[in-house]
$ cat coords.cif   # mmCIF, C-alpha atoms
data_entry
loop_
_atom_site.label_atom_id
_atom_site.label_comp_id
_atom_site.auth_asym_id
_atom_site.auth_seq_id
_atom_site.Cartn_x
_atom_site.Cartn_y
_atom_site.Cartn_z
CA MET A 1356 -15.66 0.53 -29.77
CA SER A 1357 -16.91 -2.29 -27.59
CA ALA A 1358 -20.30 -0.61 -27.40
CA ASP A 1359 -20.51 -0.96 -31.15
CA LEU A 1360 -19.58 -4.60 -30.99
CA ARG A 1361 -22.19 -5.34 -28.37
CA LEU A 1362 -24.84 -3.64 -30.41
CA ARG A 1363 -23.95 -5.62 -33.46
CA LEU A 1364 -24.38 -8.78 -31.48
CA SER A 1365 -27.49 -7.89 -29.63
CA ILE A 1366 -29.71 -6.34 -32.27
CA PRO A 1367 -30.36 -9.50 -34.26
CA HIS A 1368 -31.10 -11.54 -31.14
CA ASP A 1369 -32.78 -9.22 -28.69
CA SER A 1370 -34.59 -6.79 -30.92
CA ARG A 1371 -35.73 -9.13 -33.63
CA VAL A 1372 -34.69 -6.84 -36.41
CA ARG A 1373 -36.68 -7.36 -39.54
CA CYS A 1374 -35.75 -5.49 -42.66
CA ARG A 1375 -38.64 -4.62 -44.84
CA THR A 1376 -36.66 -4.78 -48.01
CA GLY A 1377 -35.42 -8.19 -47.19
CA SER A 1378 -31.86 -7.26 -47.95
CA ASN A 1379 -29.34 -7.47 -45.20
CA ARG A 1380 -29.32 -3.91 -43.92
CA THR A 1381 -28.44 -4.64 -40.31
CA GLY A 1382 -24.74 -4.30 -41.05
CA ALA A 1383 -25.27 -0.76 -42.28
CA VAL A 1384 -27.37 0.14 -39.25
CA THR A 1385 -24.94 -1.08 -36.68
CA ALA A 1386 -22.00 0.51 -38.40
CA ASN A 1387 -23.60 3.89 -37.90
CA ALA A 1388 -25.16 3.35 -34.50
CA SER A 1389 -23.66 4.62 -31.29
CA VAL A 1390 -24.87 4.11 -27.77
CA ASP A 1391 -25.18 7.30 -25.82
CA GLY A 1392 -26.66 6.73 -22.41
CA PRO A 1393 -30.19 5.43 -22.76
CA VAL A 1394 -30.55 6.73 -26.31
CA ILE A 1395 -29.31 5.05 -29.43
CA ARG A 1396 -28.28 7.49 -32.11
CA LEU A 1397 -28.02 6.50 -35.67
CA GLY A 1398 -25.78 8.34 -38.02
CA ALA A 1399 -26.33 9.90 -41.43
CA GLY A 1400 -29.28 12.16 -40.81
CA MET A 1401 -32.23 10.21 -42.11
CA PRO A 1402 -34.97 9.24 -39.66
CA TRP A 1403 -33.94 5.83 -38.48
CA ARG A 1404 -37.43 4.36 -38.67
CA LYS A 1405 -37.65 5.17 -42.33
CA ARG A 1406 -34.06 4.31 -42.97
CA ILE A 1407 -33.97 0.84 -41.53
CA GLY A 1408 -37.60 -0.01 -41.33
CA PHE A 1409 -38.31 -1.76 -38.07
CA GLY A 1410 -40.56 -0.88 -35.14
CA GLY A 1411 -39.40 1.42 -32.35
CA GLY A 1412 -39.23 0.69 -28.67
CA ARG A 1413 -37.18 -2.44 -28.93
CA ILE A 1414 -33.93 -0.57 -29.33
CA THR A 1415 -33.83 -0.23 -25.52
CA ASP A 1416 -33.16 -3.96 -25.41
CA ALA A 1417 -29.86 -3.25 -27.05
CA THR A 1418 -28.90 -0.53 -24.59
CA SER A 1419 -29.48 -2.73 -21.59
CA ALA A 1420 -26.68 -4.96 -22.81
CA THR A 1421 -24.11 -2.18 -22.53
CA ASP A 1422 -25.57 -0.47 -19.51
CA ARG A 1423 -25.58 -3.36 -17.12
CA LYS A 1424 -26.28 -2.67 -13.49
CA PRO A 1425 -25.27 -5.01 -10.68
CA GLY A 1426 -28.00 -7.57 -10.16
CA SER A 1427 -29.73 -7.04 -13.49
CA ALA A 1428 -27.07 -8.99 -15.29
CA ASN A 1429 -27.17 -12.06 -17.41
CA VAL A 1430 -23.99 -13.88 -16.44
CA MET A 1431 -25.10 -16.99 -14.60
CA THR A 1432 -23.47 -18.37 -11.45
CA ARG A 1433 -22.46 -21.47 -13.41
CA GLU A 1434 -20.74 -19.35 -16.08
CA LEU A 1435 -18.87 -17.40 -13.40
CA PHE A 1436 -17.61 -20.62 -11.85
CA TRP A 1437 -16.38 -22.16 -15.12
CA GLY A 1438 -15.01 -18.87 -16.43
CA PHE A 1439 -12.86 -18.31 -13.37
CA LEU A 1440 -11.88 -21.99 -13.32
CA LYS A 1441 -10.37 -21.42 -16.75
CA ILE A 1442 -8.62 -18.26 -15.55
CA GLY A 1443 -7.14 -20.14 -12.59
CA LEU A 1444 -5.74 -22.83 -14.86
CA SER A 1445 -4.29 -20.60 -17.52
CA GLY A 1446 -1.93 -18.33 -15.61
CA PHE A 1447 1.67 -19.06 -14.81
CA GLY A 1448 3.41 -16.58 -12.52
CA GLY A 1449 0.47 -14.22 -12.31
CA VAL A 1450 -3.04 -14.64 -13.63
CA LEU A 1451 -4.14 -11.07 -14.34
CA PRO A 1452 -3.26 -10.89 -18.06
CA PHE A 1453 -5.30 -14.04 -18.67
CA ALA A 1454 -8.21 -12.75 -16.61
CA ARG A 1455 -8.19 -9.54 -18.58
CA ARG A 1456 -8.28 -11.34 -21.93
CA MET A 1457 -11.09 -13.67 -20.94
CA ILE A 1458 -13.32 -11.16 -19.17
CA ILE A 1459 -13.05 -8.44 -21.80
CA GLU A 1460 -12.30 -10.12 -25.12
CA GLN A 1461 -13.55 -13.68 -24.96
CA ARG A 1462 -16.68 -13.58 -22.78
CA ARG A 1463 -17.37 -9.84 -22.93
CA TRP A 1464 -18.53 -9.72 -19.32
CA LEU A 1465 -17.05 -6.24 -18.88
CA THR A 1466 -15.81 -3.45 -21.10
CA GLU A 1467 -12.17 -2.37 -21.01
CA GLN A 1468 -13.14 0.66 -18.92
CA GLU A 1469 -15.19 -1.39 -16.45
CA PHE A 1470 -12.37 -3.89 -16.04
CA THR A 1471 -9.86 -1.13 -15.33
CA GLU A 1472 -12.12 0.20 -12.58
CA VAL A 1473 -12.54 -3.26 -11.10
CA LEU A 1474 -8.78 -3.77 -11.20
CA SER A 1475 -7.90 -0.49 -9.52
CA LEU A 1476 -10.30 -1.30 -6.69
CA ALA A 1477 -8.89 -4.84 -6.42
CA GLN A 1478 -5.35 -3.52 -6.26
CA PHE A 1479 -5.62 -0.95 -3.54
CA LEU A 1480 -7.70 -3.13 -1.23
CA PRO A 1481 -5.80 -5.77 0.77
CA GLY A 1482 -5.89 -9.36 -0.43
CA PRO A 1483 -4.68 -11.20 -3.51
CA ASN A 1484 -5.56 -8.99 -6.50
CA ILE A 1485 -7.10 -11.71 -8.64
CA VAL A 1486 -9.19 -13.03 -5.74
CA ASN A 1487 -10.53 -9.50 -5.25
CA VAL A 1488 -11.33 -9.31 -8.97
CA SER A 1489 -13.30 -12.55 -8.73
CA VAL A 1490 -15.20 -11.25 -5.69
CA ILE A 1491 -16.10 -7.96 -7.41
CA VAL A 1492 -17.05 -9.51 -10.76
CA GLY A 1493 -18.99 -12.35 -9.12
CA ARG A 1494 -20.86 -9.91 -6.90
CA ARG A 1495 -21.65 -7.61 -9.81
CA PHE A 1496 -23.57 -10.31 -11.66
CA GLN A 1497 -24.93 -12.65 -8.99
CA GLY A 1498 -24.39 -11.07 -5.57
CA PRO A 1499 -22.91 -13.21 -2.77
CA THR A 1500 -23.51 -16.49 -4.65
CA GLY A 1501 -21.64 -15.15 -7.65
CA ALA A 1502 -18.72 -13.92 -5.54
CA VAL A 1503 -18.34 -17.33 -3.87
CA ALA A 1504 -18.76 -19.24 -7.16
CA ALA A 1505 -16.17 -17.12 -8.98
CA THR A 1506 -13.63 -17.36 -6.15
CA LEU A 1507 -14.11 -21.10 -5.71
CA GLY A 1508 -13.75 -21.60 -9.45
CA LEU A 1509 -10.56 -19.55 -9.43
CA MET A 1510 -8.85 -21.39 -6.58
CA LEU A 1511 -10.07 -24.98 -6.97
CA MET A 1512 -7.82 -26.41 -9.68
CA PRO A 1513 -4.64 -24.48 -8.82
CA LEU A 1514 -4.99 -25.68 -5.22
CA VAL A 1515 -5.39 -29.32 -6.26
CA ILE A 1516 -2.48 -29.09 -8.72
CA ILE A 1517 -0.10 -27.40 -6.32
CA LEU A 1518 -0.79 -29.90 -3.55
CA LEU A 1519 -0.15 -32.75 -5.98
CA LEU A 1520 3.09 -31.05 -7.06
CA ALA A 1521 4.13 -30.55 -3.44
CA THR A 1522 3.48 -34.21 -2.64
CA LEU A 1523 5.48 -35.28 -5.69
CA TYR A 1524 8.25 -32.90 -4.73
CA THR A 1525 8.71 -34.34 -1.23
CA GLU A 1526 8.85 -37.76 -2.87
CA PHE A 1527 11.72 -36.69 -5.12
CA ALA A 1528 13.39 -34.00 -3.00
CA GLN A 1529 16.27 -36.38 -2.27
CA VAL A 1530 17.17 -36.47 -5.95
CA ASP A 1531 19.85 -33.83 -6.46
CA ALA A 1532 18.69 -32.86 -9.95
CA VAL A 1533 15.15 -32.13 -8.71
CA ARG A 1534 16.35 -30.03 -5.81
CA ASN A 1535 18.77 -28.13 -8.01
CA ALA A 1536 16.13 -27.51 -10.65
CA CYS A 1537 13.97 -26.04 -7.92
CA ASN A 1538 16.81 -23.72 -6.87
CA GLY A 1539 17.09 -22.56 -10.48
CA VAL A 1540 13.37 -21.83 -10.64
CA SER A 1541 13.37 -19.80 -7.44
CA ALA A 1542 16.38 -17.75 -8.57
CA SER A 1543 14.61 -16.96 -11.81
CA ALA A 1544 11.24 -16.32 -10.15
CA SER A 1545 12.87 -13.80 -7.79
CA GLY A 1546 13.92 -11.86 -10.86
CA LEU A 1547 10.33 -11.94 -12.10
CA VAL A 1548 9.09 -10.41 -8.85
CA VAL A 1549 11.63 -7.58 -9.15
CA ALA A 1550 10.49 -7.06 -12.74
CA VAL A 1551 6.86 -6.77 -11.63
CA ALA A 1552 7.85 -4.11 -9.09
CA LEU A 1553 9.87 -2.12 -11.62
CA ARG A 1554 7.04 -2.22 -14.15
CA MET A 1555 4.59 -1.03 -11.49
CA ALA A 1556 7.03 1.77 -10.68
CA GLN A 1557 6.76 3.25 -14.19
CA PRO A 1558 3.71 5.46 -13.48
CA ILE A 1559 5.16 6.86 -10.24
CA ARG A 1560 8.74 7.54 -11.29
CA ARG A 1561 8.06 11.17 -12.26
CA THR A 1562 6.65 12.17 -8.88
CA SER A 1563 9.38 12.72 -6.31
CA TRP A 1564 7.30 12.19 -3.16
CA LYS A 1565 6.02 8.88 -4.53
CA ILE A 1566 9.57 7.73 -5.23
CA GLY A 1567 10.43 8.71 -1.65
CA ILE A 1568 7.52 6.74 -0.16
CA GLY A 1569 8.32 3.73 -2.34
CA ALA A 1570 11.98 3.87 -1.29
CA ILE A 1571 11.10 4.07 2.41
CA ALA A 1572 8.71 1.11 2.08
CA PHE A 1573 11.43 -0.87 0.29
CA VAL A 1574 14.15 -0.18 2.86
CA ALA A 1575 11.85 -0.74 5.84
CA ILE A 1576 10.58 -4.13 4.66
CA GLY A 1577 13.59 -5.29 2.62
CA PRO A 1578 17.01 -4.61 4.20
CA ALA A 1579 15.68 -3.42 7.59
CA ARG A 1580 13.14 -6.28 7.96
CA LEU A 1581 10.72 -4.20 10.04
CA PRO A 1582 7.28 -5.73 10.77
CA LEU A 1583 4.79 -4.98 7.99
CA LEU A 1584 2.01 -3.95 10.39
CA TRP A 1585 4.00 -1.02 11.80
CA VAL A 1586 5.41 0.03 8.46
CA LEU A 1587 1.91 0.18 6.95
CA ALA A 1588 0.41 1.83 10.03
CA VAL A 1589 2.85 4.74 9.59
CA LEU A 1590 3.51 4.87 5.88
CA ALA A 1591 0.00 4.38 4.44
CA PRO A 1592 -1.68 7.32 6.27
CA VAL A 1593 1.31 9.59 5.57
CA SER A 1594 1.28 8.74 1.89
CA ILE A 1595 -2.49 9.15 1.59
CA ALA A 1596 -2.28 12.50 3.40
CA ILE A 1597 0.38 13.74 0.97
CA ALA A 1598 -1.71 12.56 -1.99
CA PHE A 1599 -4.77 14.31 -0.52
CA ARG A 1600 -2.95 17.61 -0.07
CA ARG A 1601 -1.41 17.47 -3.52
CA ARG A 1602 -4.64 16.70 -5.35
CA ARG A 1603 -5.60 19.03 -8.12
CA MET B 1472 -10.77 -30.27 19.19
CA ILE B 1473 -8.95 -28.20 16.61
CA PRO B 1474 -5.17 -28.78 16.58
CA PRO B 1475 -3.38 -25.70 17.98
CA LEU B 1476 -1.12 -25.60 14.93
CA LEU B 1477 -4.11 -25.00 12.66
CA VAL B 1478 -5.35 -22.22 14.94
CA GLU B 1479 -1.91 -20.63 14.86
CA LEU B 1480 -1.81 -20.87 11.04
CA ALA B 1481 -5.25 -19.33 10.76
CA LEU B 1482 -4.37 -16.44 13.10
CA GLN B 1483 -1.15 -15.62 11.23
CA PHE B 1484 -2.84 -15.51 7.84
CA LEU B 1485 -6.00 -13.74 9.02
CA VAL B 1486 -3.75 -10.82 9.98
CA LEU B 1487 -1.71 -11.04 6.77
CA SER B 1488 -4.89 -11.00 4.70
CA LEU B 1489 -5.74 -7.48 5.81
CA LEU B 1490 -2.12 -6.31 5.48
CA SER B 1491 -1.62 -7.58 1.94
CA ILE B 1492 -2.07 -4.31 0.11
CA GLY B 1493 -0.72 -4.96 -3.36
CA GLY B 1494 -1.48 -8.67 -3.28
CA ALA B 1495 0.29 -11.79 -2.11
CA ASN B 1496 3.63 -10.76 -3.61
CA ALA B 1497 3.73 -7.73 -1.33
CA VAL B 1498 3.62 -9.79 1.87
CA ILE B 1499 6.26 -12.38 0.98
CA PRO B 1500 8.85 -10.76 3.32
CA GLU B 1501 6.30 -10.80 6.15
CA MET B 1502 5.40 -14.45 5.45
CA HIS B 1503 9.10 -15.29 5.52
CA LEU B 1504 9.54 -13.38 8.76
CA ARG B 1505 6.63 -15.17 10.43
CA ALA B 1506 7.16 -18.68 9.03
CA VAL B 1507 10.97 -18.85 9.35
CA ASP B 1508 12.09 -16.39 12.05
CA ILE B 1509 9.13 -16.14 14.43
CA GLU B 1510 7.27 -19.46 14.25
CA HIS B 1511 10.23 -21.63 13.13
CA TRP B 1512 7.92 -23.64 10.90
CA MET B 1513 10.64 -24.12 8.27
CA THR B 1514 14.16 -23.20 7.19
CA ASP B 1515 15.24 -20.59 4.67
CA ALA B 1516 15.82 -23.35 2.11
CA ASP B 1517 12.33 -24.80 2.68
CA PHE B 1518 10.78 -21.39 2.13
CA SER B 1519 12.62 -20.79 -1.11
CA GLN B 1520 11.64 -24.25 -2.39
CA LEU B 1521 7.98 -23.60 -1.60
CA PHE B 1522 8.24 -20.29 -3.42
CA ALA B 1523 9.73 -22.04 -6.45
CA LEU B 1524 6.92 -24.61 -6.45
CA SER B 1525 4.28 -21.91 -6.22
CA GLN B 1526 5.79 -20.12 -9.22
CA ALA B 1527 6.15 -23.27 -11.28
CA ALA B 1528 2.47 -24.22 -10.90
CA PRO B 1529 -0.42 -22.58 -12.75
CA GLY B 1530 -2.63 -20.19 -10.79
CA PRO B 1531 -2.37 -17.04 -8.69
CA ASN B 1532 0.75 -16.06 -6.72
CA VAL B 1533 -1.17 -16.44 -3.47
CA LEU B 1534 -0.72 -20.23 -3.78
CA ILE B 1535 2.49 -19.95 -1.77
CA VAL B 1536 0.20 -19.49 1.23
CA SER B 1537 -1.36 -22.90 0.71
CA LEU B 1538 2.12 -24.45 0.45
CA ILE B 1539 3.18 -22.89 3.76
CA GLY B 1540 0.01 -24.30 5.32
CA TRP B 1541 0.70 -27.66 3.73
CA LYS B 1542 4.26 -27.74 5.04
CA VAL B 1543 3.02 -26.97 8.56
CA ALA B 1544 -0.09 -29.16 8.78
CA GLY B 1545 -0.74 -31.10 5.57
CA VAL B 1546 -3.80 -30.67 3.37
CA ALA B 1547 -5.87 -29.32 6.26
CA GLY B 1548 -3.17 -26.73 6.85
CA ALA B 1549 -3.22 -25.73 3.19
CA LEU B 1550 -6.99 -25.19 3.23
CA VAL B 1551 -6.96 -23.32 6.54
CA ALA B 1552 -4.12 -21.02 5.47
CA MET B 1553 -5.77 -20.29 2.12
CA LEU B 1554 -9.18 -19.57 3.65
CA ALA B 1555 -7.61 -17.34 6.30
CA MET B 1556 -5.58 -15.46 3.68
CA CYS B 1557 -8.53 -14.85 1.33
CA GLY B 1558 -11.42 -14.58 3.79
CA PRO B 1559 -11.10 -11.19 5.52
CA SER B 1560 -9.85 -9.37 2.43
CA SER B 1561 -12.65 -10.83 0.31
CA VAL B 1562 -15.32 -9.77 2.77
CA LEU B 1563 -13.82 -6.28 2.87
CA THR B 1564 -13.65 -6.14 -0.92
CA TYR B 1565 -17.27 -7.28 -1.20
CA GLN B 1566 -18.44 -4.55 1.16
CA VAL B 1567 -16.35 -1.81 -0.46
CA ALA B 1568 -17.50 -2.83 -3.96
CA ARG B 1569 -21.07 -2.01 -2.90
CA ALA B 1570 -20.13 1.55 -2.04
CA TRP B 1571 -17.50 1.95 -4.75
CA ASP B 1572 -19.60 3.57 -7.48
CA ARG B 1573 -20.92 6.24 -5.16
CA PHE B 1574 -17.39 7.39 -4.31
CA ARG B 1575 -16.09 7.25 -7.86
CA ASP B 1576 -14.95 10.88 -7.85
CA ALA B 1577 -14.51 11.46 -4.13
CA PRO B 1578 -11.16 13.22 -3.46
CA LEU B 1579 -10.37 10.92 -0.55
CA ARG B 1580 -10.89 7.83 -2.68
CA ILE B 1581 -8.52 9.18 -5.31
CA ALA B 1582 -6.01 10.13 -2.60
CA ILE B 1583 -6.14 6.61 -1.14
CA GLU B 1584 -5.47 5.12 -4.56
CA GLN B 1585 -2.66 7.59 -5.31
CA GLY B 1586 -1.15 7.24 -1.87
CA LEU B 1587 -1.12 3.46 -1.68
CA ALA B 1588 0.38 2.95 -5.14
CA PRO B 1589 3.97 3.88 -4.18
CA VAL B 1590 3.72 1.90 -0.92
CA THR B 1591 2.74 -1.16 -2.95
CA VAL B 1592 5.65 -0.71 -5.35
CA GLY B 1593 8.07 -0.47 -2.41
CA LEU B 1594 6.62 -3.60 -0.80
CA ILE B 1595 6.89 -5.72 -3.95
CA LEU B 1596 10.42 -4.49 -4.60
CA ALA B 1597 11.23 -5.53 -1.03
CA SER B 1598 9.77 -8.96 -1.81
CA GLY B 1599 12.15 -9.28 -4.74
CA TYR B 1600 15.02 -8.29 -2.45
CA VAL B 1601 14.12 -10.76 0.31
CA LEU B 1602 13.54 -13.59 -2.18
CA THR B 1603 16.86 -12.94 -3.87
CA ARG B 1604 18.67 -12.90 -0.54
CA THR B 1605 16.91 -16.09 0.57
CA THR B 1606 17.26 -18.12 -2.59
CA ASP B 1607 20.47 -16.99 -4.25
CA HIS B 1608 23.70 -18.46 -2.98
CA GLY B 1609 26.68 -17.72 -5.19
CA TRP B 1610 27.08 -15.76 -8.38
CA PRO B 1611 25.44 -18.26 -10.82
CA ALA B 1612 22.12 -17.84 -8.99
CA TYR B 1613 22.47 -14.04 -9.01
CA ALA B 1614 23.23 -14.25 -12.72
CA VAL B 1615 20.01 -16.21 -13.31
CA THR B 1616 18.01 -13.68 -11.29
CA GLY B 1617 19.59 -10.78 -13.17
CA THR B 1618 19.12 -12.36 -16.59
CA THR B 1619 15.46 -13.09 -15.86
CA LEU B 1620 14.95 -9.50 -14.71
CA LEU B 1621 16.58 -8.19 -17.88
CA LEU B 1622 14.56 -10.48 -20.17
CA ALA B 1623 11.29 -9.67 -18.39
CA MET B 1624 11.92 -5.93 -18.69
CA THR B 1625 13.13 -5.83 -22.28
CA THR B 1626 11.37 -8.68 -24.12
CA ARG B 1627 7.86 -10.09 -24.37
CA LEU B 1628 9.10 -13.62 -23.74
CA HIS B 1629 6.64 -15.69 -21.69
CA PRO B 1630 7.88 -16.07 -18.07
CA LEU B 1631 7.33 -19.81 -18.24
CA TRP B 1632 10.23 -20.14 -20.70
CA MET B 1633 12.56 -18.32 -18.32
CA LEU B 1634 11.49 -20.55 -15.42
CA ALA B 1635 11.94 -23.65 -17.58
CA ALA B 1636 15.40 -22.56 -18.72
CA ALA B 1637 16.39 -21.84 -15.13
CA ALA B 1638 15.08 -25.26 -14.04
CA GLY B 1639 17.20 -26.84 -16.78
CA LEU B 1640 20.32 -24.95 -15.70
CA GLY B 1641 19.58 -25.95 -12.10
CA ALA B 1642 19.15 -29.63 -12.96
CA LEU B 1643 22.48 -29.60 -14.80
CA GLY B 1644 24.09 -28.33 -11.62
CA VAL B 1645 25.00 -24.89 -12.96
CA VAL B 1646 23.00 -22.79 -10.47
#

$ encode --input "coords.cif" --output "structure tokens"
Amino acid sequence: MSADLRLRLSIPHDSRVRCRTGSNRTGAVTANASVDGPVIRLGAGMPWRKRIGFGGGRITDATSATDRKPGSANVMTRELFWGFLKIGLSGFGGVLPFARRMIIEQRRWLTEQEFTEVLSLAQFLPGPNIVNVSVIVGRRFQGPTGAVAATLGLMLMPLVIILLLATLYTEFAQVDAVRNACNGVSASASGLVVAVALRMAQPIRRTSWKIGIGAIAFVAIGPARLPLLWVLAVLAPVSIAIAFRRRR
Amino acid sequence: MIPPLLVELALQFLVLSLLSIGGANAVIPEMHLRAVDIEHWMTDADFSQLFALSQAAPGPNVLIVSLIGWKVAGVAGALVAMLAMCGPSSVLTYQVARAWDRFRDAPLRIAIEQGLAPVTVGLILASGYVLTRTTDHGWPAYAVTGTTLLLAMTTRLHPLWMLAAAAGLGALGVV
């Protein structure tokens, strides 16, 4: 679907489509076109050259827009910085939904599929998920410069705002109402964290060994308060080994 | 000469950075353990207030790290803690992203993804547990936590409204 959308956008600009008849036929062309690897196929049987009436060869311009490779991309460092600045400012209690909407729908930097791949990589590697997303997306388009620009953009404003808030808070921490409001927020936010965990548990709840591993991790870190390093050093290899043996 | 406190902050978060599989939320119990019980940088109450602030501000969850740094050593502490928390994991992510496409269908890669998912779920659930134990004193607070959980699971209400309502209840002295 998104391939179609890209094509619709890119043909008039990149390929300089001229219709011989003068009528607006581009809509009809793009509605039938589908991108299939390096080849663009047009529907409805008729030879496309005759059907639409513009020179060959330029169609490849349109494919390059969907088939972006790292380094060959057209998202500038500046765009990465401002884009992630906006992401950083828009999220309350988790930024990922906002990042998804901006990267896929608003700026069209990645397709849905590409974003899902980026996200799964960002999630299983250590580090804050959204920071990892900014590193991967920034790198994809502009290498190290892009990764740094995207991450700086992401963190800059939230960092400034939270330090201002913290300074304000110490100023007013003596006021009972402020301190109590803060207690209310943390009680509520704890519930949000539990909700995140339960939602993440949906895909694993049908597999008994995964439930077992999750339960052990919970008990070890939660009620038992064991050090994370040791828990991970034991649990992660065991869990990966089970997953490896059970693979289809 | 770098103040020893900043070095200590950096060391703690450099380690946490590489342990934070599943993101910042997954290492909240470990941050609590290190900041409150091991290093004695702050009390339980301080920690829960910093957590509340980090949730009430826009931006990623990892911001709680900068607040811990700030509490320990001011603005310099905030920057050091944040850099230490994001640095090692970002470098690792950058390197792995280069090789990622080549291992798209490798069985081991899939096994790592499948195997770490339940660990992550357990860690974040443990975070919820530790936060609830740290922040909730008395049944009104537990009621707020429970109600938020219920609303978040069953409705599409924006979390900000729940936090705002809870702040209001808190300010009125209910929680």

$ interface_residues --input "coords.cif" --of "chain A" --to "chain B" --cutoff "7 Å" --atoms "all atoms listed in the file" --output "number ranges by chain"
A: 1443-1450, 1478-1484, 1487, 1490-1491, 1513, 1517, 1532-1533, 1535-1550, 1552, 1555-1556, 1559, 1565-1566, 1568-1570, 1572-1573, 1576-1577, 1582-1584, 1591, 1594-1595, 1598-1599

$ resolve_selection --input "coords.cif" --expression "the PyMOL selection byres ((chain A and resi 1467) around 12)" --output "PyMOL selection string"
chain A and resi 1356-1358+1454-1460+1463-1466+1468-1474

$ resolve_selection --input "coords.cif" --expression "the PyMOL selection byres ((chain B and resi 1475-1481) around 8)" --output "JSON, numbers by chain"
{"B": [1473, 1474, 1482, 1483, 1484, 1485, 1540, 1543, 1544, 1547, 1548, 1551, 1552, 1555]}

$ write_last_selection --input "coords.cif" --atoms "C-alpha atoms" --output "mmCIF file, in the coordinates of the input"
data_model
loop_
_atom_site.group_PDB
_atom_site.id
_atom_site.type_symbol
_atom_site.label_atom_id
_atom_site.label_comp_id
_atom_site.auth_asym_id
_atom_site.auth_seq_id
_atom_site.Cartn_x
_atom_site.Cartn_y
_atom_site.Cartn_z
ATOM 1 C CA ILE B 1473 -8.950 -28.200 16.610
ATOM 2 C CA PRO B 1474 -5.170 -28.780 16.580
ATOM 3 C CA LEU B 1482 -4.370 -16.440 13.100
ATOM 4 C CA GLN B 1483 -1.150 -15.620 11.230
ATOM 5 C CA PHE B 1484 -2.840 -15.510 7.840
ATOM 6 C CA LEU B 1485 -6.000 -13.740 9.020
ATOM 7 C CA GLY B 1540 0.010 -24.300 5.320
ATOM 8 C CA VAL B 1543 3.020 -26.970 8.560
ATOM 9 C CA ALA B 1544 -0.090 -29.160 8.780
ATOM 10 C CA ALA B 1547 -5.870 -29.320 6.260
ATOM 11 C CA GLY B 1548 -3.170 -26.730 6.850
ATOM 12 C CA VAL B 1551 -6.960 -23.320 6.540
ATOM 13 C CA ALA B 1552 -4.120 -21.020 5.470
ATOM 14 C CA ALA B 1555 -7.610 -17.340 6.300
#

$ resolve_selection --input "coords.cif" --expression "the PyMOL selection byres ((chain A and resi 1432) around 8)" --output "list in words"
Val1430, Met1431, Arg1433, Glu1434, Leu1435, Phe1436, Gly1493, Gln1497, Thr1500, Gly1501, Ala1504 and Ala1505 of chain A

$ atom_distance --input "coords.cif" --atom1 "atom CA of A:Phe1439" --atom2 "atom CA of A:Gly1508"
5.2 Å

$ atom_distance --input "coords.cif" --atom1 "atom CA of B:Ile1539" --atom2 "atom CA of B:Trp1512"
8.6 Å

$ atom_distance --input "coords.cif" --atom1 "atom CA of A:Thr1506" --atom2 "atom CA of A:Pro1452"
17.1 Å

$ build_atoms --input "coords.cif" --residues "stretch 1478-1488 of chain B" --atoms "N, CA and C atoms" --output "compact mmCIF listing (two decimals), in the frame of the given file"
# COMPACT_ATOMS: atom_id res chain seq x y z
N VAL B 1478 -4.89 -23.51 14.41
CA VAL B 1478 -5.35 -22.22 14.94
C VAL B 1478 -4.28 -21.16 14.73
N GLU B 1479 -3.03 -21.56 15.02
CA GLU B 1479 -1.91 -20.63 14.86
C GLU B 1479 -1.76 -20.19 13.40
N LEU B 1480 -1.86 -21.16 12.48
CA LEU B 1480 -1.81 -20.87 11.04
C LEU B 1480 -2.90 -19.87 10.65
N ALA B 1481 -4.11 -20.18 11.11
CA ALA B 1481 -5.25 -19.33 10.76
C ALA B 1481 -5.03 -17.90 11.26
N LEU B 1482 -4.57 -17.77 12.51
CA LEU B 1482 -4.37 -16.44 13.10
C LEU B 1482 -3.33 -15.65 12.30
N GLN B 1483 -2.21 -16.32 11.97
CA GLN B 1483 -1.15 -15.62 11.23
C GLN B 1483 -1.67 -15.08 9.89
N PHE B 1484 -2.43 -15.92 9.17
CA PHE B 1484 -2.84 -15.51 7.84
C PHE B 1484 -4.07 -14.60 7.85
N LEU B 1485 -4.88 -14.69 8.90
CA LEU B 1485 -6.00 -13.74 9.02
C LEU B 1485 -5.45 -12.32 9.10
N VAL B 1486 -4.36 -12.15 9.86
CA VAL B 1486 -3.75 -10.82 9.98
C VAL B 1486 -3.13 -10.41 8.64
N LEU B 1487 -2.38 -11.35 8.04
CA LEU B 1487 -1.71 -11.04 6.77
C LEU B 1487 -2.71 -10.65 5.68
N SER B 1488 -3.88 -11.27 5.72
CA SER B 1488 -4.89 -11.00 4.70
C SER B 1488 -5.21 -9.51 4.63
